[in-house]
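Remarks on the structure that follows.
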Amino acid sequence: MTVNETPLPAIRVLHVTFNMAFGGTEAVIRELTAWDDGGRIHHQVVCIDGIVGAIGEQLRERGTKVDSVLRRPGFDTRLIGSLRAMIRAEHIDIVHCHQYTPWVYGCLASIGTSARVVFTEHGRFHPDRYRYKAIIINRILAAMTRQIVAISAATREALVRYEFLPRRRIDVIYNGINALEVDEQEVWQLRDELDLSPDLFVLGTVARLDPVKNQAMMLEAFAKVNRRHPDTRLVIVGDGPERESLEQKASALGIKDVVIFTGFSTTPGLYLALMDLFLLSSDTEGTSMTLLEAMSLGLPVVATGAGGTPEIVEHGVTGLLTPVGDRDAFAGSIEILLANPDQIEEKGQAGRAKFVQQYSVESMAVEYMDRYLRTLARPLLPKRGANV
């Protein structure tokens with residue numbers, strides 16, 4: 001930049017989401033709001049479910065503005081007015097809507113303002129279904145939206161098939177995270193607290209305890225594995241509506257004493273670091289952030305081939321993939337790795353290498369910044385470290 005050039009004002013982005021509790025969508029927003037690119041991007045968040053949540057509180061502590069508006073049952077026209085007032089008062093340039101319902105409200109709220117709309121679809125319900133009324137509605141919303149993003153090729157195909165959105169309008173931007181860094185002493189201290197001696201093989205997952213994550217199948221598979229490998233333990237990190245049901249299932253399967261339910265943790269990386277094998281049993285998945293975190297630590301993976309997971313886990317290279325809902329195949333894949341310790345090390349290293357190459361925060365953030373700039377028809381920002 002020359003001395004006579006006037007710097008462009010910061011791009012003001014409003015992220016519209018359900019809440020900022022715990023999950024992949026929330027983690028993406030957390031990383032994007034931390035990326036201001038030298039002060040040229042200003043982020044703030046609004047949660048339409050009236051709940052800020054744990055990650056939202058973390059954002060507030062670091063200075064990001066996080067508001068909440070309680071969405072009323074049915075179609076809430078008042079919410080549209082509240083969002084529109086916020087867009088105008090904060091001089092928002094980009095309304096970045098995360099998931100479908102926030103897209104509907106954010107898109108309608110942008111009418112009559114100068115804000116442009118970006119929509120990211122983070123995942124799909126299982127089973128997915130046609131909504132034929134969306135044929136007209138979604139085409140109208142798409143016409144009002146400058147950029148449409150899916151977090152995996154599988155998610156893009158679902159938008160085309162079930163939401164009738166044109167494939168040519170949808171870009172794929174994979175989720176990205178910072179590689180986890182953990183204190184080994186804290187990890188060993190946690191193992192002691194959980195009574196996980198060094199001779200035990202620890203399998204685990206970090207996820208919302210929700211039917212779509214199908215931890216019930218994971219428990220059934222682990223019960224089979226543990227009968228043949230009693231030196232194994234399963235650690236389930238997370239909370240959600242299925243927790244009580246899953247704890248009851250563990251008791252019914254006779255594995256209550258070898259399964260640890262930790263509940264929600266603000267330091268899930270410590271739990272990942274004590275695991276020897278990461279498990280993901282989802283019936284549907286976009287891009288699992290905890291899967292990426294596990295790979296960043298060099299953990300091999302056994303996962304169902306749901307949604308975008310096969311785009312991340314290369315079967316036979318970084319882990320093993322099984323059919324969705326197939327308990328026996330899931331258990332069998334775990335046992336293959338237990339019988340071949342060398343594969344565990346090789347697949348973990350391969351996963352770490354793939355993570356570094358494709359799933360960094362910087363890669364994701366640069367892609368979104370590019371979309372923001374295209375939306376506003378601004379020139380691309382110079383790369384960090386470039387002479388300006």
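How things are named: the first chain in the structure tokens is A, the next is B, and so on; residues count from 1 in each chain; ligands count from 1 in the order shown.
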(message) Applying 6 Å and only C-alpha atoms, which residues near Thr120 of chain A remain after dropping the ones on its own chain fewer than 4 positions away? List them as a list in words.
(response)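 With the cut-off at 6 Å, the set is His98, Gln99, Val149 and Ala150 of chain A.
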(request) Assign secondary structure with DSSP using the backbone only, and return the residues of segment 233-343 of chain A in strand (DSSP E) as a PyMOL selection string. (result) chain A and resi 233-237+259-263+277-280+301-304+319-322
Under the rule of at most 10 Å, produce a per-residue listing of segment 283-320 of chain A near segment 337-340 of chain A: chain, number, name, the closest pair of atoms, and the distance in Å, as JSON lines, using only C-alpha atoms.
{"residue": "A:Pro300", "atom": "CA", "partner": "A:Leu337", "partner_atom": "CA", "distance": 9.1}
{"residue": "A:Val301", "atom": "CA", "partner": "A:Leu337", "partner_atom": "CA", "distance": 9.7}
{"residue": "A:Val302", "atom": "CA", "partner": "A:Leu337", "partner_atom": "CA", "distance": 9.1}
{"residue": "A:Gly319", "atom": "CA", "partner": "A:Leu337", "partner_atom": "CA", "distance": 9.1}
{"residue": "A:Leu320", "atom": "CA", "partner": "A:Leu337", "partner_atom": "CA", "distance": 8.9}
(request) Determine, counting only C-alpha atoms, which protein, DNA and RNA residues have an atom within 10 Å of an atom of Leu70 of chain A; residues of the same chain fewer than 6 positions away are not included. Present the result as an NGL selection string. (result) :A and (18 or 47-51 or 76 or 78-79)
Pull N, CA and C atoms from the residues just selected and write them as a JSON list (two decimals), in the first residue's frame.
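Contents of again-v5.json, freshly written:
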[["chain", "number", "residue", "atom", "x", "y", "z"],
["A", 18, "PHE", "N", -27.68, -21.13, 15.27],
["A", 18, "PHE", "CA", -28.65, -21.53, 16.30],
["A", 18, "PHE", "C", -28.15, -21.12, 17.68],
["A", 47, "CYS", "N", -27.08, -15.61, 18.08],
["A", 47, "CYS", "CA", -27.66, -16.95, 18.26],
["A", 47, "CYS", "C", -29.18, -16.82, 18.30],
["A", 48, "ILE", "N", -29.87, -17.51, 17.40],
["A", 48, "ILE", "CA", -31.32, -17.31, 17.28],
["A", 48, "ILE", "C", -32.13, -18.23, 18.19],
["A", 49, "ASP", "N", -31.47, -19.13, 18.90],
["A", 49, "ASP", "CA", -32.19, -19.98, 19.86],
["A", 49, "ASP", "C", -32.20, -19.40, 21.26],
["A", 50, "GLY", "N", -31.67, -18.18, 21.40],
["A", 50, "GLY", "CA", -31.68, -17.54, 22.71],
["A", 50, "GLY", "C", -30.65, -18.07, 23.68],
["A", 51, "ILE", "N", -29.76, -18.93, 23.20],
["A", 51, "ILE", "CA", -28.74, -19.54, 24.05],
["A", 51, "ILE", "C", -27.36, -19.20, 23.50],
["A", 76, "ASP", "N", -41.22, -17.14, 12.90],
["A", 76, "ASP", "CA", -41.13, -15.98, 13.77],
["A", 76, "ASP", "C", -40.77, -14.73, 12.97],
["A", 78, "ARG", "N", -41.08, -11.73, 13.98],
["A", 78, "ARG", "CA", -40.41, -10.77, 14.87],
["A", 78, "ARG", "C", -38.90, -10.95, 14.82],
["A", 79, "LEU", "N", -38.44, -12.20, 14.69],
["A", 79, "LEU", "CA", -37.01, -12.48, 14.62],
["A", 79, "LEU", "C", -36.40, -11.81, 13.39]]
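In terms of minimum interatomic distance to Ile140 of chain A, A:Cys107 ranks closest within A:Ser333, A:Cys107, A:Ala223, A:Val13, counting only C-alpha atoms.
The residue that comes closest to Met144 of chain A, out of A:Val172, A:Ile334, A:Ile111, A:Met364 and on the basis of only C-alpha atoms, is A:Ile111.
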(request) From a DSSP pass on the backbone, collect the residues of segment 151-253 of chain A flagged as helix (DSSP H, G or I) and hand them back as a ChimeraX atom specification. (result) /A:153-163,167-169,184-193,211-213,215-228,243-252
Serialized selection, C-alpha atoms, as a PDB file, in the first residue's frame:
ATOM      1  CA  ALA A 153     -18.705 -32.836  -1.427  1.00  0.00           C
ATOM      2  CA  ALA A 154     -21.293 -35.162   0.136  1.00  0.00           C
ATOM      3  CA  THR A 155     -23.031 -32.185   1.752  1.00  0.00           C
ATOM      4  CA  ARG A 156     -23.030 -30.375  -1.593  1.00  0.00           C
ATOM      5  CA  GLU A 157     -24.691 -33.359  -3.269  1.00  0.00           C
ATOM      6  CA  ALA A 158     -27.346 -33.391  -0.528  1.00  0.00           C
ATOM      7  CA  LEU A 159     -28.081 -29.712  -1.162  1.00  0.00           C
ATOM      8  CA  VAL A 160     -28.484 -30.442  -4.863  1.00  0.00           C
ATOM      9  CA  ARG A 161     -30.638 -33.533  -4.360  1.00  0.00           C
ATOM     10  CA  TYR A 162     -32.818 -32.572  -1.417  1.00  0.00           C
ATOM     11  CA  GLU A 163     -32.812 -28.763  -1.458  1.00  0.00           C
ATOM     12  CA  ARG A 167     -24.550 -27.484  -8.091  1.00  0.00           C
ATOM     13  CA  ARG A 168     -22.689 -24.731  -9.958  1.00  0.00           C
ATOM     14  CA  ARG A 169     -23.591 -22.263  -7.182  1.00  0.00           C
ATOM     15  CA  GLU A 184       1.925 -34.610  28.262  1.00  0.00           C
ATOM     16  CA  GLN A 185       2.113 -34.260  32.037  1.00  0.00           C
ATOM     17  CA  GLU A 186      -1.537 -33.149  32.130  1.00  0.00           C
ATOM     18  CA  VAL A 187      -2.478 -36.090  29.907  1.00  0.00           C
ATOM     19  CA  TRP A 188      -0.843 -38.598  32.267  1.00  0.00           C
ATOM     20  CA  GLN A 189      -2.451 -36.882  35.226  1.00  0.00           C
ATOM     21  CA  LEU A 190      -5.836 -37.287  33.543  1.00  0.00           C
ATOM     22  CA  ARG A 191      -5.119 -40.974  32.893  1.00  0.00           C
ATOM     23  CA  ASP A 192      -4.421 -41.397  36.600  1.00  0.00           C
ATOM     24  CA  GLU A 193      -7.678 -39.625  37.499  1.00  0.00           C
ATOM     25  CA  PRO A 211     -29.085 -40.131  17.988  1.00  0.00           C
ATOM     26  CA  VAL A 212     -27.393 -39.144  14.704  1.00  0.00           C
ATOM     27  CA  LYS A 213     -23.987 -39.865  16.263  1.00  0.00           C
ATOM     28  CA  GLN A 215     -22.986 -44.029  20.051  1.00  0.00           C
ATOM     29  CA  ALA A 216     -25.418 -46.849  20.852  1.00  0.00           C
ATOM     30  CA  MET A 217     -23.920 -48.849  17.982  1.00  0.00           C
ATOM     31  CA  MET A 218     -20.444 -47.939  19.224  1.00  0.00           C
ATOM     32  CA  LEU A 219     -21.273 -49.406  22.632  1.00  0.00           C
ATOM     33  CA  GLU A 220     -22.537 -52.619  21.048  1.00  0.00           C
ATOM     34  CA  ALA A 221     -19.384 -52.940  18.958  1.00  0.00           C
ATOM     35  CA  PHE A 222     -17.148 -52.201  21.938  1.00  0.00           C
ATOM     36  CA  ALA A 223     -18.927 -54.826  24.020  1.00  0.00           C
ATOM     37  CA  LYS A 224     -17.926 -57.420  21.403  1.00  0.00           C
ATOM     38  CA  VAL A 225     -14.348 -56.141  21.317  1.00  0.00           C
ATOM     39  CA  ASN A 226     -13.954 -55.997  25.087  1.00  0.00           C
ATOM     40  CA  ARG A 227     -15.054 -59.596  25.541  1.00  0.00           C
ATOM     41  CA  ARG A 228     -12.078 -60.702  23.433  1.00  0.00           C
ATOM     42  CA  ARG A 243     -26.535 -39.565  27.700  1.00  0.00           C
ATOM     43  CA  GLU A 244     -28.895 -41.300  30.129  1.00  0.00           C
ATOM     44  CA  SER A 245     -29.978 -43.808  27.487  1.00  0.00           C
ATOM     45  CA  LEU A 246     -26.372 -44.599  26.594  1.00  0.00           C
ATOM     46  CA  GLU A 247     -25.367 -45.089  30.223  1.00  0.00           C
ATOM     47  CA  GLN A 248     -28.290 -47.480  30.655  1.00  0.00           C
ATOM     48  CA  LYS A 249     -27.242 -49.334  27.517  1.00  0.00           C
ATOM     49  CA  ALA A 250     -23.681 -49.711  28.785  1.00  0.00           C
ATOM     50  CA  SER A 251     -25.078 -51.280  31.964  1.00  0.00           C
ATOM     51  CA  ALA A 252     -27.347 -53.613  29.990  1.00  0.00           C
TER      52      ALA A 252
END
(request) Excluding His96 of chain A and residues on its chain fewer than 5 positions from it, collect all residues at most 6 Å away from it, counting only C-alpha atoms, and give them as a ChimeraX atom specification. (result) /A:14-15,117-119
Print the selection's residues with N, CA and C atoms to a file, as a PDB file, in the first residue's frame.
ATOM      1  N   LEU A  14     -21.608 -10.591  10.225  1.00  0.00           N
ATOM      2  CA  LEU A  14     -22.501 -11.080  11.274  1.00  0.00           C
ATOM      3  C   LEU A  14     -22.773 -12.559  11.012  1.00  0.00           C
ATOM      4  N   HIS A  15     -22.334 -13.418  11.942  1.00  0.00           N
ATOM      5  CA  HIS A  15     -22.583 -14.851  11.840  1.00  0.00           C
ATOM      6  C   HIS A  15     -23.919 -15.164  12.523  1.00  0.00           C
ATOM      7  N   VAL A 117     -25.454 -11.823   1.557  1.00  0.00           N
ATOM      8  CA  VAL A 117     -25.649 -13.067   2.293  1.00  0.00           C
ATOM      9  C   VAL A 117     -24.692 -14.156   1.812  1.00  0.00           C
ATOM     10  N   VAL A 118     -24.083 -14.837   2.785  1.00  0.00           N
ATOM     11  CA  VAL A 118     -23.296 -16.046   2.549  1.00  0.00           C
ATOM     12  C   VAL A 118     -23.945 -17.157   3.373  1.00  0.00           C
ATOM     13  N   PHE A 119     -24.124 -18.318   2.778  1.00  0.00           N
ATOM     14  CA  PHE A 119     -24.764 -19.447   3.461  1.00  0.00           C
ATOM     15  C   PHE A 119     -23.833 -20.645   3.472  1.00  0.00           C
TER      16      PHE A 119
END
(message) Env of Phe261 of chain A: 10 Å cut, atoms = only C-alpha atoms, seq-sep filter 3 positions within chain, self excluded. Answer as a VMD selection string.
(response) chain A and resid 234 to 239 243 246 to 247 256 264
(message) Could you check the closest approach to Gly298 of chain A for each of A:Gly39, A:Gly53, A:Gly351, A:Gly240 and tell me which residue wins, using only C-alpha atoms?
(response) A:Gly351
(request) Identify, on the basis of only C-alpha atoms, every residue whose closest approach to Ile151 of chain A does not exceed 6 Å; exclude the query and any residue fewer than 3 positions from it along the same chain; express the result as a PyMOL selection string. (result) chain A and resi 122+172-174
(request) Considering only C-alpha atoms, state which residue in the set A:Gln349, A:Asp183, A:Ser281, A:Gly307 is at the smallest distance from Phe330 of chain A. (result) A:Ser281
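In this comparison, which uses only C-alpha atoms, the residue of A:Thr33, A:Leu83, A:Lys354, A:Ile94 approaching Lys65 of chain A most closely is A:Thr33.
Of the residues listed (A:Met289, A:Glu367, A:Arg327, A:Asn19), A:Met289 shows the shortest atom-to-atom separation from Asn175 of chain A; distances use only C-alpha atoms.
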(request) Have a look at atom CA of Ala303 of chain A and atom CA of Leu272 of chain A and let me know their distance in Å, one decimal. (result) 15.3 Å
